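A.B. asks: Please read through the structure below; I'll follow up with questions.
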Number of protein chains: 2
Amino acid sequence: MRDRTTLSDVAREAGVSLATASRAINGSADRSVRPELVARVRAAAEALHYSPDATAQAMARGRTTTLGLLVHDIADPYFSAIASAVVRTAEAEGLQVSLATTQNDPAREAALLDLVRRQRARAVVIAGGRSAGADAERDGADPASSALTDALTALARQGVGVAAIGQPVPGVASVAVDNAGGAAALADALLGRGYRRFALLDGPADRVTARDRRDAFEAAARAGGGDVVARERTPFTWEGGHEGLDRLADAGVLAEVDAVVATNDVMALGALAAARARDLSVPGDLALAGFGGISTLRDVVPGLTTVAVPMEELGVRAVRLALGDPATTRDVVEQVGCDVVLRDSTPPLD
Amino acid sequence: MRDRTTLSDVAREAGVSLATASRAINGSADRSVRPELVARVRAAAEALHYSPDATAQAMARGRTTTLGLLVHDIADPYFSAIASAVVRTAEAEGLQVSLATTQNDPAREAALLDLVRRQRARAVVIAGGRSAGADAERDGADPASSALTDALTALARQGVGVAAIGQPVPGVASVAVDNAGGAAALADALLGRGYRRFALLDGPADRVTARDRRDAFEAAARAGGGDVVARERTPFTWEGGHEGLDRLADAGVLAEVDAVVATNDVMALGALAAARARDLSVPGDLALAGFGGISTLRDVVPGLTTVAVPMEELGVRAVRLALGDPATTRDVVEQVGCDVVLRDSTPPLD
DNA sequence: TTGTAGGCGTTATCAC
DNA sequence: GTGATAACGCCTACAA
């Protein structure tokens, strides 16, 4: 029942050649079709319910209009905010977004990048979930190289526009979040409010984002006369944050701590829930801070101190980078700053 | 620099014909290539970094492996939860998801559906944002037909698997949320807790989902001896809910009301924020309920009473429907129930 | 089991 | 300006 009308049908119906029909419909650069004929072709197309086959066009033109988007988890508010911006920007550029979720699995990541390659996508944006596993194994021998890095640079070499969001990827255009700067600023801000002894809700050891935030926070805290006296390492999720706080509480270290700092917002929210479940008041019994600035935060009480990351901007810039001239964008790392937002979960201590 | 190695290159390198190379690599149904040759071809492909061109394959096979997903706004927790399920299910079926956001604009919706058609997508899932505008204009003359309905049925006729999420679309496989049932159940539950006089935070008039929830709630409330004594109509968003509560408060009607019921969760959250901003305590000064059951709710205090919609299930079933045999799925409407979840925002009154 | 050749729907390079 | 016609990269009867 499919009315597979092709351009040939339209051409015949309009009484012109295939070539003319093609030109009349897409009005390519060599605009040279008589208006009268254009009208006739358009009318024929209309009458026949013609719809150009994007697949065939892509093949004939030798390029697609697909932008691959790889995120860890589209249900995560951080990534969905980024995705939203990516989709809008890509659409404005006339590109379709092909969405895939890596589910934080390097193997899936590789498979999806291969898919991007097979799709002959024009560009790909990959956000989050960078793991330092491969690098770590090599013990720093060649930290600039990992499976992901290799796959991305390979793609770039084949003419696919590539951009990474979050952690910069060596040799690949990246829009990098200044996790270290933000974490240090957070430490300073908390120190400024009188906090000295911190507990850290850390993410997985191989998670670069968590590592950067943790290390920078610790360094800044110490430099400012404070200290990180406890740390729990759990998954980078709500449940992880919940679990982390439970462990801190069970270990009885909360009493020795001025504030609990989570390496991302959803962990902080999980910790907040865990605190509530234990009848611990925030900030009464413990102060709490997160990292990210996800929109969910507007609904929680007390207001959660965090480091706001401009997620929309990340998405927009990544698409622009991915679509830019590879010659000039390769190896570009656009740093985007993040701002400490102090709220009621970490009131001044004095 | 693109190493545009084609299957021909591989075939030549392996010393076999194009056909054999093709069979060896995709192992199609007519599996008939000698293992030895398969190995040789695979080795050649490997050596040449061959990557099959999905575009060409799609064209030769006459079908793509693309599933179009249209949502109102991917940053909305309701839709991102659905999208997450759709992506996972589609991937399990070997399909790529092409994501687009309608931004609640019927014109965009139409354009995106046309894009789906040009892409020759194998299936399309459309979630949310159904507007009754077109139907309303016709004054019920032919309520079963609207621009969206027409576009979707046209797609279906061309062999594209179609499924709608939320509101059923006439003639199209749909997985429908039982908004009326859920709203009625919510009304009953609130009546059961002693609430009688309600204020409604309603969505736009032409929004089918809002309308169904509102109407059913009102009917059930009245049937149970209660009443809806006030209603504010605002956008179906957080800001809309905020604004709605502000208006109720400014109008001074909150005193005459036992509970405020929002037609969706994000509106309820906005209302909650507005209440806080006015130093109104929930549930002390006003009881509040929402609709949807988005995951964000786990982080708000007090726990928000809502009607939980199984978002994951919606996504999974929609993909299954869209991929099912059109002959049997056409016009299928799978109702999915939703469950009232009573929480602290609407404590028993007596 | 393997190879030959035609075709998928467009675009683009040529002549005319 | 317009029209043949060769690609584009792959699949798949049909033959061998």
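We label chains A, B, ... in the order they appear in the structure tokens, count residues from 1 in each chain, and number ligands from 1 in the order shown.
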Hey, list the chain D side of the contact with chain B: 6 Å cut-off, only C-alpha atoms (C1' of nucleotides), answer as a ChimeraX atom specification.

C.D. replies: /D:9-11

A.B. asks: Hey, could you make a per-residue contact list for chain A against chain B with 6 Å as the cut-off, showing the nearest pair of atoms and its distance in Å to one decimal, counting only C-alpha atoms, sorted by chain and number, as JSON lines?

C.D. replies:
```
{"residue": "A:Arg2", "atom": "CA", "partner": "B:Gln158", "partner_atom": "CA", "distance": 4.2}
{"residue": "A:Ser51", "atom": "CA", "partner": "B:Arg118", "partner_atom": "CA", "distance": 5.9}
{"residue": "A:Pro52", "atom": "CA", "partner": "B:Arg118", "partner_atom": "CA", "distance": 5.7}
{"residue": "A:Asp53", "atom": "CA", "partner": "B:Arg118", "partner_atom": "CA", "distance": 5.2}
{"residue": "A:Ala54", "atom": "CA", "partner": "B:Gln119", "partner_atom": "CA", "distance": 5.1}
{"residue": "A:Thr55", "atom": "CA", "partner": "B:Thr55", "partner_atom": "CA", "distance": 6.0}
{"residue": "A:Ile74", "atom": "CA", "partner": "B:Ser84", "partner_atom": "CA", "distance": 5.6}
{"residue": "A:Ala75", "atom": "CA", "partner": "B:Ser80", "partner_atom": "CA", "distance": 5.0}
{"residue": "A:Ser80", "atom": "CA", "partner": "B:Ala75", "partner_atom": "CA", "distance": 5.0}
{"residue": "A:Ala81", "atom": "CA", "partner": "B:Ala75", "partner_atom": "CA", "distance": 5.2}
{"residue": "A:Ser84", "atom": "CA", "partner": "B:Ile74", "partner_atom": "CA", "distance": 5.6}
{"residue": "A:Val97", "atom": "CA", "partner": "B:Ser98", "partner_atom": "CA", "distance": 5.5}
{"residue": "A:Ser98", "atom": "CA", "partner": "B:Ser98", "partner_atom": "CA", "distance": 4.4}
{"residue": "A:Leu99", "atom": "CA", "partner": "B:Val97", "partner_atom": "CA", "distance": 5.5}
{"residue": "A:Arg118", "atom": "CA", "partner": "B:Asp53", "partner_atom": "CA", "distance": 5.2}
{"residue": "A:Gln119", "atom": "CA", "partner": "B:Ala54", "partner_atom": "CA", "distance": 5.1}
{"residue": "A:Gln158", "atom": "CA", "partner": "B:Arg2", "partner_atom": "CA", "distance": 4.2}
{"residue": "A:Val300", "atom": "CA", "partner": "B:Val300", "partner_atom": "CA", "distance": 5.2}
```

A.B. asks: Rounded to one decimal place, report the atom CA of A:Ala187-atom CA of A:Gly240 distance in Å.

C.D. replies: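 Rounded to one decimal, the two atoms are 21.8 Å apart.
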
A.B. asks: Using only C-alpha atoms (C1' of nucleotides) and a distance of at most 7 Å, pull out the residues of chain C that contact chain B, as number ranges by chain.

C.D. replies: C: 1-3, 8

A.B. asks: Would you mind exporting the chosen residues as a compact mmCIF listing (two decimals), in the first residue's frame, restricted to all heavy atoms?

C.D. replies:
```txt
# COMPACT_ATOMS: atom_id res chain seq x y z
P DT C 1 26.98 -24.45 1.15
OP1 DT C 1 27.35 -24.73 2.53
OP2 DT C 1 25.66 -23.89 0.86
O5' DT C 1 28.04 -23.46 0.51
C5' DT C 1 29.38 -23.85 0.44
C4' DT C 1 29.94 -23.30 -0.84
O4' DT C 1 28.96 -23.48 -1.89
C3' DT C 1 30.22 -21.78 -0.79
O3' DT C 1 31.59 -21.60 -1.10
C2' DT C 1 29.31 -21.17 -1.84
C1' DT C 1 29.01 -22.37 -2.74
N1 DT C 1 27.68 -22.28 -3.44
C2 DT C 1 27.65 -21.99 -4.78
O2 DT C 1 28.65 -21.78 -5.44
N3 DT C 1 26.39 -21.93 -5.33
C4 DT C 1 25.19 -22.16 -4.69
O4 DT C 1 24.11 -22.08 -5.29
C5 DT C 1 25.29 -22.48 -3.30
C7 DT C 1 24.06 -22.74 -2.49
C6 DT C 1 26.51 -22.52 -2.72
P DT C 2 32.28 -20.22 -1.00
OP1 DT C 2 33.73 -20.44 -0.95
OP2 DT C 2 31.58 -19.52 0.07
O5' DT C 2 31.95 -19.53 -2.38
C5' DT C 2 32.74 -19.84 -3.51
C4' DT C 2 32.17 -19.18 -4.73
O4' DT C 2 30.76 -19.46 -4.86
C3' DT C 2 32.28 -17.65 -4.76
O3' DT C 2 33.22 -17.32 -5.77
C2' DT C 2 30.88 -17.16 -5.11
C1' DT C 2 30.20 -18.42 -5.61
N1 DT C 2 28.74 -18.48 -5.42
C2 DT C 2 27.94 -18.35 -6.54
O2 DT C 2 28.36 -18.17 -7.66
N3 DT C 2 26.59 -18.43 -6.28
C4 DT C 2 25.98 -18.64 -5.05
O4 DT C 2 24.76 -18.70 -4.95
C5 DT C 2 26.88 -18.76 -3.93
C7 DT C 2 26.34 -18.98 -2.56
C6 DT C 2 28.21 -18.68 -4.16
P DG C 3 33.66 -15.78 -5.91
OP1 DG C 3 35.10 -15.74 -6.23
OP2 DG C 3 33.12 -15.01 -4.76
O5' DG C 3 32.86 -15.37 -7.23
C5' DG C 3 33.01 -16.15 -8.38
C4' DG C 3 32.02 -15.73 -9.44
O4' DG C 3 30.68 -16.03 -8.98
C3' DG C 3 32.05 -14.22 -9.76
O3' DG C 3 32.01 -14.06 -11.17
C2' DG C 3 30.77 -13.70 -9.10
C1' DG C 3 29.86 -14.90 -9.21
N9 DG C 3 28.79 -14.95 -8.23
C8 DG C 3 28.92 -15.00 -6.86
N7 DG C 3 27.78 -15.06 -6.23
C5 DG C 3 26.83 -15.05 -7.25
C6 DG C 3 25.43 -15.10 -7.17
O6 DG C 3 24.72 -15.17 -6.17
N1 DG C 3 24.84 -15.06 -8.44
C2 DG C 3 25.54 -14.98 -9.63
N2 DG C 3 24.81 -14.94 -10.73
N3 DG C 3 26.86 -14.94 -9.70
C4 DG C 3 27.44 -14.98 -8.48
P DC C 8 14.46 -0.35 -8.93
OP1 DC C 8 13.08 -0.83 -9.00
OP2 DC C 8 14.97 0.63 -9.91
O5' DC C 8 14.72 0.27 -7.48
C5' DC C 8 14.67 -0.53 -6.32
C4' DC C 8 15.36 0.21 -5.21
O4' DC C 8 16.76 -0.06 -5.28
C3' DC C 8 15.22 1.73 -5.36
O3' DC C 8 14.18 2.20 -4.52
C2' DC C 8 16.58 2.27 -4.91
C1' DC C 8 17.48 1.04 -4.80
N1 DC C 8 18.72 1.13 -5.62
C2 DC C 8 19.96 0.87 -5.02
O2 DC C 8 20.00 0.57 -3.83
N3 DC C 8 21.09 0.96 -5.78
C4 DC C 8 20.99 1.28 -7.07
N4 DC C 8 22.13 1.35 -7.78
C5 DC C 8 19.73 1.53 -7.69
C6 DC C 8 18.64 1.44 -6.93
```

A.B. asks: What does the distance from atom CA of A:Phe198 to atom CA of A:Val228 come to in Å, to one decimal?

C.D. replies: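 Interatomic distance, atom CA of A:Phe198 to atom CA of A:Val228: 4.6 Å.
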
A.B. asks: Can you list, as a list in words, all residues belonging to stretch 155-188 of chain B that DSSP tags as strand (DSSP E)?

C.D. replies: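 Those residues are Gly161, Val162, Ala163, Ala164, Ile165, Gly166, Ala173, Ser174, Val175, Ala176 and Val177 of chain B.
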
A.B. asks: Please, could you write that set of residues out with all heavy atoms as a PDB file, in the first residue's frame?

C.D. replies:
```pdb
ATOM      1  N   GLY B 161       5.680   2.163  11.174  1.00  0.00           N
ATOM      2  CA  GLY B 161       5.027   1.768  12.417  1.00  0.00           C
ATOM      3  C   GLY B 161       4.793   2.992  13.273  1.00  0.00           C
ATOM      4  O   GLY B 161       5.705   3.771  13.497  1.00  0.00           O
ATOM      5  N   VAL B 162       3.581   3.165  13.727  1.00  0.00           N
ATOM      6  CA  VAL B 162       3.263   4.379  14.473  1.00  0.00           C
ATOM      7  C   VAL B 162       2.679   4.034  15.833  1.00  0.00           C
ATOM      8  O   VAL B 162       1.871   3.113  15.950  1.00  0.00           O
ATOM      9  CB  VAL B 162       2.248   5.237  13.700  1.00  0.00           C
ATOM     10  CG1 VAL B 162       1.917   6.490  14.470  1.00  0.00           C
ATOM     11  CG2 VAL B 162       2.783   5.581  12.320  1.00  0.00           C
ATOM     12  N   ALA B 163       3.106   4.745  16.848  1.00  0.00           N
ATOM     13  CA  ALA B 163       2.499   4.579  18.156  1.00  0.00           C
ATOM     14  C   ALA B 163       2.474   5.914  18.877  1.00  0.00           C
ATOM     15  O   ALA B 163       3.420   6.689  18.808  1.00  0.00           O
ATOM     16  CB  ALA B 163       3.274   3.549  18.987  1.00  0.00           C
ATOM     17  N   ALA B 164       1.377   6.155  19.535  1.00  0.00           N
ATOM     18  CA  ALA B 164       1.221   7.394  20.283  1.00  0.00           C
ATOM     19  C   ALA B 164       1.181   7.084  21.768  1.00  0.00           C
ATOM     20  O   ALA B 164       0.623   6.081  22.190  1.00  0.00           O
ATOM     21  CB  ALA B 164      -0.065   8.096  19.865  1.00  0.00           C
ATOM     22  N   ILE B 165       1.802   7.951  22.532  1.00  0.00           N
ATOM     23  CA  ILE B 165       1.825   7.769  23.984  1.00  0.00           C
ATOM     24  C   ILE B 165       1.009   8.865  24.641  1.00  0.00           C
ATOM     25  O   ILE B 165       1.126  10.027  24.283  1.00  0.00           O
ATOM     26  CB  ILE B 165       3.272   7.818  24.521  1.00  0.00           C
ATOM     27  CG1 ILE B 165       4.053   6.585  24.086  1.00  0.00           C
ATOM     28  CG2 ILE B 165       3.282   7.940  26.037  1.00  0.00           C
ATOM     29  CD1 ILE B 165       5.498   6.590  24.555  1.00  0.00           C
ATOM     30  N   GLY B 166       0.210   8.467  25.599  1.00  0.00           N
ATOM     31  CA  GLY B 166      -0.555   9.454  26.353  1.00  0.00           C
ATOM     32  C   GLY B 166      -1.999   9.428  25.943  1.00  0.00           C
ATOM     33  O   GLY B 166      -2.775   8.602  26.410  1.00  0.00           O
ATOM     34  N   ALA B 173      -2.090   3.048  16.652  1.00  0.00           N
ATOM     35  CA  ALA B 173      -1.795   2.275  17.849  1.00  0.00           C
ATOM     36  C   ALA B 173      -1.384   3.231  18.962  1.00  0.00           C
ATOM     37  O   ALA B 173      -0.535   4.090  18.769  1.00  0.00           O
ATOM     38  CB  ALA B 173      -0.676   1.284  17.568  1.00  0.00           C
ATOM     39  N   SER B 174      -1.987   3.079  20.090  1.00  0.00           N
ATOM     40  CA  SER B 174      -1.712   4.020  21.170  1.00  0.00           C
ATOM     41  C   SER B 174      -1.578   3.297  22.498  1.00  0.00           C
ATOM     42  O   SER B 174      -2.221   2.288  22.739  1.00  0.00           O
ATOM     43  CB  SER B 174      -2.850   5.043  21.304  1.00  0.00           C
ATOM     44  OG  SER B 174      -3.224   5.571  20.053  1.00  0.00           O
ATOM     45  N   VAL B 175      -0.725   3.823  23.328  1.00  0.00           N
ATOM     46  CA  VAL B 175      -0.700   3.362  24.696  1.00  0.00           C
ATOM     47  C   VAL B 175      -1.164   4.563  25.510  1.00  0.00           C
ATOM     48  O   VAL B 175      -0.486   5.587  25.587  1.00  0.00           O
ATOM     49  CB  VAL B 175       0.678   2.810  25.110  1.00  0.00           C
ATOM     50  CG1 VAL B 175       1.783   3.496  24.387  1.00  0.00           C
ATOM     51  CG2 VAL B 175       0.876   2.885  26.593  1.00  0.00           C
ATOM     52  N   ALA B 176      -2.351   4.409  26.029  1.00  0.00           N
ATOM     53  CA  ALA B 176      -3.039   5.535  26.651  1.00  0.00           C
ATOM     54  C   ALA B 176      -2.953   5.491  28.169  1.00  0.00           C
ATOM     55  O   ALA B 176      -3.125   4.447  28.786  1.00  0.00           O
ATOM     56  CB  ALA B 176      -4.502   5.530  26.228  1.00  0.00           C
ATOM     57  N   VAL B 177      -2.688   6.635  28.720  1.00  0.00           N
ATOM     58  CA  VAL B 177      -2.695   6.753  30.172  1.00  0.00           C
ATOM     59  C   VAL B 177      -4.134   6.963  30.611  1.00  0.00           C
ATOM     60  O   VAL B 177      -4.849   7.771  30.025  1.00  0.00           O
ATOM     61  CB  VAL B 177      -1.833   7.950  30.611  1.00  0.00           C
ATOM     62  CG1 VAL B 177      -1.947   8.160  32.110  1.00  0.00           C
ATOM     63  CG2 VAL B 177      -0.396   7.745  30.189  1.00  0.00           C
TER      64      VAL B 177
END
```

A.B. asks: Select from stretch 66-284 of chain A everything DSSP, run on the backbone, classes as alpha helix (DSSP H), then give the selection as number ranges by chain.

C.D. replies: A: 77-92, 106-118, 133-137, 147-157, 179-192, 208-223, 238-250, 265-277

A.B. asks: Would you mind listing what lies within 10 Å of stretch 230-234 of chain B as a ChimeraX atom specification, with only C-alpha atoms (C1' of nucleotides) counted and same-chain residues fewer than 3 positions away left out?

C.D. replies: /B:197-205,210,214,227,237-248,251,253-254,256-257,260-262,267

A.B. asks: I need the chosen residues saved as a short mmCIF file (atom, residue, chain, number, x, y, z; two decimals), in the first residue's frame, with N, CA, C and O atoms.

C.D. replies:
```
data_model
loop_
_atom_site.label_atom_id
_atom_site.label_comp_id
_atom_site.auth_asym_id
_atom_site.auth_seq_id
_atom_site.Cartn_x
_atom_site.Cartn_y
_atom_site.Cartn_z
N ARG B 197 -13.32 20.57 49.51
CA ARG B 197 -13.32 21.73 48.63
C ARG B 197 -11.94 21.85 47.95
O ARG B 197 -10.93 22.03 48.61
N PHE B 198 -11.95 21.76 46.62
CA PHE B 198 -10.68 21.74 45.89
C PHE B 198 -10.48 22.96 45.00
O PHE B 198 -11.44 23.54 44.49
N ALA B 199 -9.22 23.29 44.84
CA ALA B 199 -8.85 24.26 43.80
C ALA B 199 -8.02 23.49 42.78
O ALA B 199 -7.21 22.64 43.13
N LEU B 200 -8.23 23.80 41.51
CA LEU B 200 -7.55 23.07 40.45
C LEU B 200 -6.53 23.96 39.75
O LEU B 200 -6.85 25.09 39.37
N LEU B 201 -5.34 23.42 39.59
CA LEU B 201 -4.34 24.10 38.77
C LEU B 201 -4.38 23.42 37.42
O LEU B 201 -3.79 22.36 37.22
N ASP B 202 -5.05 24.05 36.51
CA ASP B 202 -5.36 23.44 35.23
C ASP B 202 -4.36 23.86 34.15
O ASP B 202 -3.71 24.90 34.27
N GLY B 203 -4.24 23.03 33.13
CA GLY B 203 -3.37 23.38 32.02
C GLY B 203 -4.15 24.11 30.94
O GLY B 203 -5.33 24.41 31.13
N PRO B 204 -3.51 24.38 29.83
CA PRO B 204 -4.17 25.09 28.72
C PRO B 204 -5.46 24.37 28.30
O PRO B 204 -5.55 23.15 28.37
N ALA B 205 -6.40 25.16 27.85
CA ALA B 205 -7.72 24.62 27.52
C ALA B 205 -7.65 23.54 26.45
O ALA B 205 -8.37 22.56 26.49
N ALA B 210 -4.61 17.61 30.21
CA ALA B 210 -5.08 18.45 31.32
C ALA B 210 -6.61 18.39 31.40
O ALA B 210 -7.19 18.27 32.47
N ARG B 214 -8.72 17.08 34.57
CA ARG B 214 -9.56 18.07 35.24
C ARG B 214 -11.01 17.62 35.27
O ARG B 214 -11.65 17.59 36.33
N ASP B 227 -16.36 19.38 45.99
CA ASP B 227 -16.57 20.34 44.91
C ASP B 227 -15.26 21.03 44.53
O ASP B 227 -14.35 21.14 45.35
N THR B 237 3.43 23.91 32.97
CA THR B 237 4.83 23.91 33.40
C THR B 237 5.00 24.30 34.86
O THR B 237 4.05 24.68 35.54
N TRP B 238 6.23 24.22 35.30
CA TRP B 238 6.58 24.62 36.67
C TRP B 238 6.16 26.07 36.89
O TRP B 238 5.49 26.40 37.87
N GLU B 239 6.52 26.90 35.97
CA GLU B 239 6.19 28.31 36.08
C GLU B 239 4.67 28.49 36.09
O GLU B 239 4.13 29.33 36.81
N GLY B 240 4.00 27.67 35.28
CA GLY B 240 2.55 27.74 35.24
C GLY B 240 1.95 27.41 36.60
O GLY B 240 1.04 28.10 37.09
N GLY B 241 2.46 26.39 37.23
CA GLY B 241 1.96 26.01 38.54
C GLY B 241 2.22 27.09 39.58
O GLY B 241 1.38 27.39 40.43
N HIS B 242 3.38 27.68 39.48
CA HIS B 242 3.77 28.76 40.39
C HIS B 242 2.77 29.91 40.25
O HIS B 242 2.18 30.38 41.23
N GLU B 243 2.60 30.29 39.03
CA GLU B 243 1.69 31.38 38.72
C GLU B 243 0.26 31.07 39.18
O GLU B 243 -0.43 31.92 39.75
N GLY B 244 -0.15 29.85 38.94
CA GLY B 244 -1.50 29.46 39.32
C GLY B 244 -1.72 29.59 40.81
O GLY B 244 -2.74 30.13 41.27
N LEU B 245 -0.76 29.13 41.58
CA LEU B 245 -0.94 29.24 43.02
C LEU B 245 -0.92 30.70 43.46
O LEU B 245 -1.69 31.12 44.34
N ASP B 246 -0.08 31.46 42.84
CA ASP B 246 -0.04 32.89 43.16
C ASP B 246 -1.41 33.52 42.93
O ASP B 246 -1.90 34.29 43.75
N ARG B 247 -1.99 33.15 41.82
CA ARG B 247 -3.29 33.75 41.52
C ARG B 247 -4.36 33.32 42.54
O ARG B 247 -5.19 34.12 42.98
N LEU B 248 -4.31 32.04 42.88
CA LEU B 248 -5.27 31.56 43.89
C LEU B 248 -5.10 32.34 45.19
O LEU B 248 -6.06 32.76 45.83
N ALA B 251 -6.22 35.89 44.93
CA ALA B 251 -7.68 35.99 44.89
C ALA B 251 -8.28 35.68 46.25
O ALA B 251 -9.49 35.80 46.45
N VAL B 253 -8.71 32.87 47.68
CA VAL B 253 -9.60 31.71 47.74
C VAL B 253 -8.99 30.53 48.49
O VAL B 253 -9.68 29.56 48.78
N LEU B 254 -7.71 30.63 48.81
CA LEU B 254 -7.08 29.47 49.46
C LEU B 254 -7.74 29.15 50.79
O LEU B 254 -7.80 27.98 51.19
N GLU B 256 -10.77 29.15 51.47
CA GLU B 256 -12.00 28.37 51.30
C GLU B 256 -11.74 26.99 50.72
O GLU B 256 -12.67 26.27 50.38
N VAL B 257 -10.46 26.66 50.59
CA VAL B 257 -10.12 25.44 49.89
C VAL B 257 -9.42 24.45 50.82
O VAL B 257 -8.59 24.83 51.64
N VAL B 260 -5.25 21.85 47.05
CA VAL B 260 -4.97 22.31 45.69
C VAL B 260 -4.48 21.11 44.89
O VAL B 260 -3.57 20.40 45.30
N VAL B 261 -5.10 20.89 43.76
CA VAL B 261 -4.73 19.76 42.92
C VAL B 261 -4.22 20.27 41.58
O VAL B 261 -4.92 21.01 40.87
N ALA B 262 -2.99 19.91 41.25
CA ALA B 262 -2.40 20.33 39.98
C ALA B 262 -2.56 19.22 38.96
O ALA B 262 -2.52 18.04 39.31
N MET B 267 3.76 21.20 37.64
CA MET B 267 2.93 22.32 38.09
C MET B 267 2.81 22.29 39.60
O MET B 267 2.88 23.34 40.26
#
```
